[in-house]
$ cat work_16.pdb   # PDB, C-alpha atoms
ATOM      1  CA  MET A   1     -13.020  10.562   1.130  1.00  0.00           C
ATOM      2  CA  THR A   2     -12.214  11.590  -2.416  1.00  0.00           C
ATOM      3  CA  THR A   3      -8.572  12.039  -3.338  1.00  0.00           C
ATOM      4  CA  LEU A   4      -6.978  13.592  -6.377  1.00  0.00           C
ATOM      5  CA  SER A   5      -4.190  12.281  -8.521  1.00  0.00           C
ATOM      6  CA  PRO A   6      -1.056  14.456  -8.600  1.00  0.00           C
ATOM      7  CA  LYS A   7      -1.878  15.422 -12.198  1.00  0.00           C
ATOM      8  CA  ALA A   8      -5.420  16.518 -11.270  1.00  0.00           C
ATOM      9  CA  LEU A   9      -4.121  18.443  -8.260  1.00  0.00           C
ATOM     10  CA  ARG A  10      -1.581  20.308 -10.424  1.00  0.00           C
ATOM     11  CA  HIS A  11      -4.349  21.154 -12.896  1.00  0.00           C
ATOM     12  CA  LEU A  12      -6.642  22.484 -10.145  1.00  0.00           C
ATOM     13  CA  ARG A  13      -3.862  24.531  -8.564  1.00  0.00           C
ATOM     14  CA  ALA A  14      -2.926  26.048 -11.926  1.00  0.00           C
ATOM     15  CA  GLY A  15      -6.572  26.886 -12.686  1.00  0.00           C
ATOM     16  CA  ALA A  16      -6.933  28.613  -9.313  1.00  0.00           C
ATOM     17  CA  GLY A  17      -3.808  30.693  -9.909  1.00  0.00           C
ATOM     18  CA  LEU A  18      -1.886  28.932  -7.129  1.00  0.00           C
ATOM     19  CA  ALA A  19       1.831  28.249  -7.271  1.00  0.00           C
ATOM     20  CA  PRO A  20       2.760  24.708  -8.322  1.00  0.00           C
ATOM     21  CA  LEU A  21       3.616  22.205  -5.639  1.00  0.00           C
ATOM     22  CA  PRO A  22       7.310  21.422  -5.196  1.00  0.00           C
ATOM     23  CA  SER A  23       8.544  18.566  -7.343  1.00  0.00           C
ATOM     24  CA  THR A  24       9.523  15.269  -5.741  1.00  0.00           C
ATOM     25  CA  GLU A  25      11.428  14.214  -8.853  1.00  0.00           C
ATOM     26  CA  ASN A  26      14.841  14.454  -7.158  1.00  0.00           C
ATOM     27  CA  ALA A  27      13.694  13.310  -3.712  1.00  0.00           C
ATOM     28  CA  ARG A  28      15.595  10.020  -3.901  1.00  0.00           C
ATOM     29  CA  SER A  29      18.936  11.693  -4.569  1.00  0.00           C
ATOM     30  CA  THR A  30      18.269  14.504  -2.094  1.00  0.00           C
ATOM     31  CA  TYR A  31      17.306  12.267   0.824  1.00  0.00           C
ATOM     32  CA  PRO A  32      18.840   8.832   0.199  1.00  0.00           C
ATOM     33  CA  ASP A  33      18.920   7.962   3.904  1.00  0.00           C
ATOM     34  CA  ARG A  34      15.150   8.368   4.073  1.00  0.00           C
ATOM     35  CA  VAL A  35      14.497   6.265   0.998  1.00  0.00           C
ATOM     36  CA  GLU A  36      16.677   3.201   1.041  1.00  0.00           C
ATOM     37  CA  GLY A  37      16.528   2.372   4.710  1.00  0.00           C
ATOM     38  CA  PRO A  38      19.434   2.053   7.080  1.00  0.00           C
ATOM     39  CA  ALA A  39      20.799  -1.285   5.931  1.00  0.00           C
ATOM     40  CA  SER A  40      21.008  -1.426   2.165  1.00  0.00           C
ATOM     41  CA  PRO A  41      21.982   1.302  -0.302  1.00  0.00           C
ATOM     42  CA  GLY A  42      20.497   0.615  -3.724  1.00  0.00           C
ATOM     43  CA  LEU A  43      17.539  -1.370  -2.392  1.00  0.00           C
ATOM     44  CA  VAL A  44      14.916   0.660  -4.249  1.00  0.00           C
ATOM     45  CA  ASP A  45      16.890   0.592  -7.508  1.00  0.00           C
ATOM     46  CA  ASP A  46      17.306  -3.182  -7.260  1.00  0.00           C
ATOM     47  CA  LEU A  47      13.588  -3.633  -6.614  1.00  0.00           C
ATOM     48  CA  VAL A  48      12.720  -1.380  -9.561  1.00  0.00           C
ATOM     49  CA  ALA A  49      15.018  -3.485 -11.756  1.00  0.00           C
ATOM     50  CA  ALA A  50      13.148  -6.610 -10.641  1.00  0.00           C
ATOM     51  CA  LEU A  51       9.563  -5.300 -10.532  1.00  0.00           C
ATOM     52  CA  GLY A  52       9.429  -2.055 -12.504  1.00  0.00           C
ATOM     53  CA  GLU A  53       6.826   0.601 -11.831  1.00  0.00           C
ATOM     54  CA  GLN A  54       5.166  -1.436  -9.088  1.00  0.00           C
ATOM     55  CA  VAL A  55       7.887  -0.154  -6.721  1.00  0.00           C
ATOM     56  CA  LEU A  56       7.498   3.082  -4.773  1.00  0.00           C
ATOM     57  CA  GLY A  57      10.598   4.583  -3.219  1.00  0.00           C
ATOM     58  CA  ASP A  58      10.229   8.351  -3.239  1.00  0.00           C
ATOM     59  CA  VAL A  59      10.126  10.135   0.093  1.00  0.00           C
ATOM     60  CA  LEU A  60       6.499  11.240  -0.239  1.00  0.00           C
ATOM     61  CA  ASP A  61       5.332   7.769  -1.251  1.00  0.00           C
ATOM     62  CA  LEU A  62       7.110   6.194   1.702  1.00  0.00           C
ATOM     63  CA  ALA A  63       5.741   8.806   4.107  1.00  0.00           C
ATOM     64  CA  ARG A  64       2.230   7.977   2.914  1.00  0.00           C
ATOM     65  CA  TYR A  65       2.751   4.353   3.949  1.00  0.00           C
ATOM     66  CA  ALA A  66       4.382   5.218   7.300  1.00  0.00           C
ATOM     67  CA  ALA A  67       1.055   5.096   9.121  1.00  0.00           C
ATOM     68  CA  ASP A  68      -1.969   2.875   9.477  1.00  0.00           C
ATOM     69  CA  ALA A  69      -4.900   3.389  11.842  1.00  0.00           C
ATOM     70  CA  SER A  70      -2.631   2.748  14.838  1.00  0.00           C
ATOM     71  CA  PRO A  71      -0.706   5.433  16.734  1.00  0.00           C
ATOM     72  CA  TYR A  72       2.617   4.032  15.466  1.00  0.00           C
ATOM     73  CA  ARG A  73       4.723   5.356  12.588  1.00  0.00           C
ATOM     74  CA  MET A  74       7.325   3.355  10.669  1.00  0.00           C
ATOM     75  CA  VAL A  75       8.739   4.435   7.312  1.00  0.00           C
ATOM     76  CA  PRO A  76       9.163   1.467   4.965  1.00  0.00           C
ATOM     77  CA  SER A  77      12.394   1.113   2.984  1.00  0.00           C
ATOM     78  CA  ALA A  78      10.345   0.460  -0.158  1.00  0.00           C
ATOM     79  CA  VAL A  79       6.740  -0.246  -1.118  1.00  0.00           C
ATOM     80  CA  VAL A  80       5.617  -2.674  -3.808  1.00  0.00           C
ATOM     81  CA  VAL A  81       2.069  -2.234  -5.109  1.00  0.00           C
ATOM     82  CA  ALA A  82       1.687  -5.858  -6.186  1.00  0.00           C
ATOM     83  CA  ARG A  83      -0.444  -6.328  -9.285  1.00  0.00           C
ATOM     84  CA  ASP A  84      -0.538 -10.105  -9.331  1.00  0.00           C
ATOM     85  CA  LEU A  85       0.731 -13.313  -7.793  1.00  0.00           C
ATOM     86  CA  GLU A  86       3.901 -13.171  -9.886  1.00  0.00           C
ATOM     87  CA  ALA A  87       4.810  -9.836  -8.254  1.00  0.00           C
ATOM     88  CA  VAL A  88       4.224 -11.267  -4.773  1.00  0.00           C
ATOM     89  CA  VAL A  89       6.407 -14.283  -5.572  1.00  0.00           C
ATOM     90  CA  SER A  90       9.127 -11.960  -6.916  1.00  0.00           C
ATOM     91  CA  VAL A  91       9.076  -9.784  -3.788  1.00  0.00           C
ATOM     92  CA  LEU A  92       9.273 -12.814  -1.509  1.00  0.00           C
ATOM     93  CA  ALA A  93      12.165 -14.284  -3.519  1.00  0.00           C
ATOM     94  CA  PHE A  94      13.951 -10.909  -3.492  1.00  0.00           C
ATOM     95  CA  ALA A  95      13.458 -10.576   0.271  1.00  0.00           C
ATOM     96  CA  HIS A  96      14.586 -14.145   0.946  1.00  0.00           C
ATOM     97  CA  GLN A  97      17.732 -13.717  -1.129  1.00  0.00           C
ATOM     98  CA  ARG A  98      18.633 -10.489   0.706  1.00  0.00           C
ATOM     99  CA  ARG A  99      17.411 -11.534   4.145  1.00  0.00           C
ATOM    100  CA  ARG A 100      14.832  -8.720   4.242  1.00  0.00           C
ATOM    101  CA  SER A 101      11.481  -8.797   5.981  1.00  0.00           C
ATOM    102  CA  VAL A 102       8.155  -8.320   4.195  1.00  0.00           C
ATOM    103  CA  VAL A 103       4.887  -6.986   5.575  1.00  0.00           C
ATOM    104  CA  PHE A 104       1.645  -7.101   3.598  1.00  0.00           C
ATOM    105  CA  ARG A 105      -0.833  -4.255   3.804  1.00  0.00           C
ATOM    106  CA  ALA A 106      -4.412  -4.263   2.585  1.00  0.00           C
ATOM    107  CA  ALA A 107      -6.710  -1.616   4.052  1.00  0.00           C
ATOM    108  CA  GLY A 108      -4.258  -0.354   6.664  1.00  0.00           C
ATOM    109  CA  THR A 109      -6.991  -0.255   9.312  1.00  0.00           C
ATOM    110  CA  SER A 110      -5.033  -2.071  11.993  1.00  0.00           C
ATOM    111  CA  LEU A 111      -5.140  -0.404  15.390  1.00  0.00           C
ATOM    112  CA  SER A 112      -2.069  -2.360  16.484  1.00  0.00           C
ATOM    113  CA  GLY A 113       0.491  -1.500  13.811  1.00  0.00           C
ATOM    114  CA  GLN A 114       0.532  -4.797  11.877  1.00  0.00           C
ATOM    115  CA  ALA A 115       0.408  -2.960   8.532  1.00  0.00           C
ATOM    116  CA  GLN A 116       3.722  -1.176   9.135  1.00  0.00           C
ATOM    117  CA  THR A 117       7.390  -1.984   8.693  1.00  0.00           C
ATOM    118  CA  ASP A 118      10.721  -0.284   8.290  1.00  0.00           C
ATOM    119  CA  ASP A 119      11.647  -2.810   5.587  1.00  0.00           C
ATOM    120  CA  LEU A 120       9.659  -4.023   2.539  1.00  0.00           C
ATOM    121  CA  LEU A 121       5.934  -3.295   2.444  1.00  0.00           C
ATOM    122  CA  VAL A 122       3.675  -4.990  -0.123  1.00  0.00           C
ATOM    123  CA  ASP A 123       0.404  -3.173  -0.795  1.00  0.00           C
ATOM    124  CA  VAL A 124      -2.291  -5.631  -1.902  1.00  0.00           C
ATOM    125  CA  ARG A 125      -5.201  -3.210  -1.601  1.00  0.00           C
ATOM    126  CA  LYS A 126      -5.400  -1.741  -5.095  1.00  0.00           C
ATOM    127  CA  HIS A 127      -5.157  -4.812  -7.324  1.00  0.00           C
ATOM    128  CA  TRP A 128      -6.445  -7.453  -4.898  1.00  0.00           C
ATOM    129  CA  GLY A 129     -10.022  -6.372  -4.268  1.00  0.00           C
ATOM    130  CA  GLY A 130     -13.217  -8.245  -4.862  1.00  0.00           C
ATOM    131  CA  PHE A 131     -15.286 -10.868  -3.147  1.00  0.00           C
ATOM    132  CA  GLU A 132     -17.962 -13.472  -3.789  1.00  0.00           C
ATOM    133  CA  ILE A 133     -20.924 -14.390  -1.668  1.00  0.00           C
ATOM    134  CA  LEU A 134     -21.720 -18.088  -1.550  1.00  0.00           C
ATOM    135  CA  GLU A 135     -24.341 -20.360   0.001  1.00  0.00           C
ATOM    136  CA  ASP A 136     -27.011 -17.661   0.325  1.00  0.00           C
ATOM    137  CA  GLY A 137     -24.731 -15.375   2.302  1.00  0.00           C
ATOM    138  CA  ALA A 138     -23.436 -18.017   4.712  1.00  0.00           C
ATOM    139  CA  VAL A 139     -19.938 -17.881   3.177  1.00  0.00           C
ATOM    140  CA  VAL A 140     -17.928 -14.964   1.846  1.00  0.00           C
ATOM    141  CA  ARG A 141     -14.741 -15.481  -0.130  1.00  0.00           C
ATOM    142  CA  ALA A 142     -12.893 -12.159  -0.003  1.00  0.00           C
ATOM    143  CA  ARG A 143      -9.570 -11.035  -1.403  1.00  0.00           C
ATOM    144  CA  PRO A 144      -7.248  -9.007   0.855  1.00  0.00           C
ATOM    145  CA  GLY A 145      -8.233  -5.676  -0.709  1.00  0.00           C
ATOM    146  CA  ALA A 146     -11.985  -6.211  -0.272  1.00  0.00           C
ATOM    147  CA  ILE A 147     -13.671  -3.392   1.625  1.00  0.00           C
ATOM    148  CA  ILE A 148     -15.877  -4.615   4.457  1.00  0.00           C
ATOM    149  CA  GLY A 149     -18.480  -1.916   3.763  1.00  0.00           C
ATOM    150  CA  HIS A 150     -18.911  -3.208   0.206  1.00  0.00           C
ATOM    151  CA  VAL A 151     -19.147  -6.800   1.424  1.00  0.00           C
ATOM    152  CA  ASN A 152     -21.755  -5.844   4.024  1.00  0.00           C
ATOM    153  CA  ALA A 153     -23.783  -3.941   1.431  1.00  0.00           C
ATOM    154  CA  ALA A 154     -23.913  -7.113  -0.690  1.00  0.00           C
ATOM    155  CA  LEU A 155     -24.761  -9.247   2.365  1.00  0.00           C
ATOM    156  CA  LYS A 156     -27.681  -7.008   3.317  1.00  0.00           C
ATOM    157  CA  LYS A 157     -30.118  -8.880   1.073  1.00  0.00           C
ATOM    158  CA  TYR A 158     -29.246 -12.064   3.010  1.00  0.00           C
ATOM    159  CA  GLN A 159     -29.730 -10.272   6.341  1.00  0.00           C
ATOM    160  CA  ARG A 160     -26.132 -10.998   7.267  1.00  0.00           C
ATOM    161  CA  VAL A 161     -23.178  -8.825   8.185  1.00  0.00           C
ATOM    162  CA  LEU A 162     -19.449  -9.180   8.819  1.00  0.00           C
ATOM    163  CA  GLY A 163     -18.452  -7.664  12.128  1.00  0.00           C
ATOM    164  CA  PRO A 164     -15.567  -5.236  12.467  1.00  0.00           C
ATOM    165  CA  ASP A 165     -12.110  -6.589  13.152  1.00  0.00           C
ATOM    166  CA  PRO A 166      -9.937  -3.558  13.901  1.00  0.00           C
ATOM    167  CA  ALA A 167      -6.801  -5.647  14.321  1.00  0.00           C
ATOM    168  CA  SER A 168      -7.215  -7.653  11.123  1.00  0.00           C
TER     169      SER A 168
END

$ encode --input "work_16.pdb" --output "structure tokens"
Amino acid sequence: MTTLSPKALRHLRAGAGLAPLPSTENARSTYPDRVEGPASPGLVDDLVAALGEQVLGDVLDLARYAADASPYRMVPSAVVVARDLEAVVSVLAFAHQRRRSVVFRAAGTSLSGQAQTDDLLVDVRKHWGGFEILEDGAVVRARPGAIIGHVNAALKKYQRVLGPDPAS
């Protein structure tokens, strides 16, 4: 499925003569109870101070992460799109200091809800992709954001395949 960036979507809507989409610029101040979670006012601001633009806290961003492939829905208090190990360490230290829970999400394909939380969610899909095939296809070393379809395409020449794991 192809998706568009917000900038591209605005451009397409303008070119088609459609009204612009409503802005989410003030969403945090308009709906603070939906953004910062029930337990800690200022959580998103504190995370932004620690991690910068890797933190998502706007209502629409949080709604996007409120679902995985399971039938459950939980809105996270904040999402961190971790770029590197340093960001992961920072999130874990932040969570430990504030007694918050952390859930990691890669593909979000769980059928059992493991990729959801109402607290801190760390997305490792975007910056944590990639894999290597070793020992003539007998071993695969994959990062959390690796897509099984891409791995299987590379394994095809070895006549091997990784089976699905819908609760991974």

$ closest_residue --input "work_16.pdb" --among "A:Leu111, A:Val124, A:Val91, A:Leu85" --to "Ala49 in chain A" --atoms "all atoms listed in the file"
A:Val91

$ residues_around --input "work_16.pdb" --residues "Asp136 in chain A" --least-positions-apart "2" --cutoff "12 Å" --atoms "all atoms listed in the file" --output "list in words"
Glu132, Ile133, Leu134, Ala138, Val139, Val140, Ala154, Leu155, Lys156, Lys157, Tyr158, Gln159 and Arg160 of chain A

$ axis_aligned_box --input "work_16.pdb" --around "range 95-105 of chain A" --padding-each-side "4 Å" --output "lines of an AutoDock Vina configuration file"
center_x = 8.9
center_y = -9.2
center_z = 2.4
size_x = 27.5
size_y = 17.9
size_z = 15.1

$ closest_residue --input "work_16.pdb" --among "A:His96, A:Val88, A:Gln116, A:Ala106" --to "Ala63 in chain A" --atoms "only C-alpha atoms"
A:Gln116

$ closest_residue --input "work_16.pdb" --among "A:Asp84, A:His127, A:Arg73, A:Val89" --to "Ser112 in chain A" --atoms "all atoms listed in the file"
A:Arg73

$ resolve_selection --input "work_16.pdb" --expression "the PyMOL selection byres ((chain A and resi 55) around 8)" --output "PyMOL selection string"
chain A and resi 44+47-48+51-54+56-57+78-81

$ resolve_selection --input "work_16.pdb" --expression "the PyMOL selection byres ((chain A and resi 101) around 12)" --output "ChimeraX atom specification"
/A:39,76-78,91-100,102-104,116-122

$ atom_distance --input "work_16.pdb" --atom1 "CA of Asp61 in chain A" --atom2 "CA of Ala87 in chain A"
19.0 Å

$ atom_distance --input "work_16.pdb" --atom1 "CA of Gly149 in chain A" --atom2 "CA of Arg125 in chain A"
14.4 Å

$ closest_residue --input "work_16.pdb" --among "A:Val59, A:Ala115, A:Gly130, A:Ser110" --to "Pro164 in chain A" --atoms "only C-alpha atoms"
A:Ser110

$ atom_distance --input "work_16.pdb" --atom1 "CA of Ala146 in chain A" --atom2 "CA of Met74 in chain A"
24.2 Å
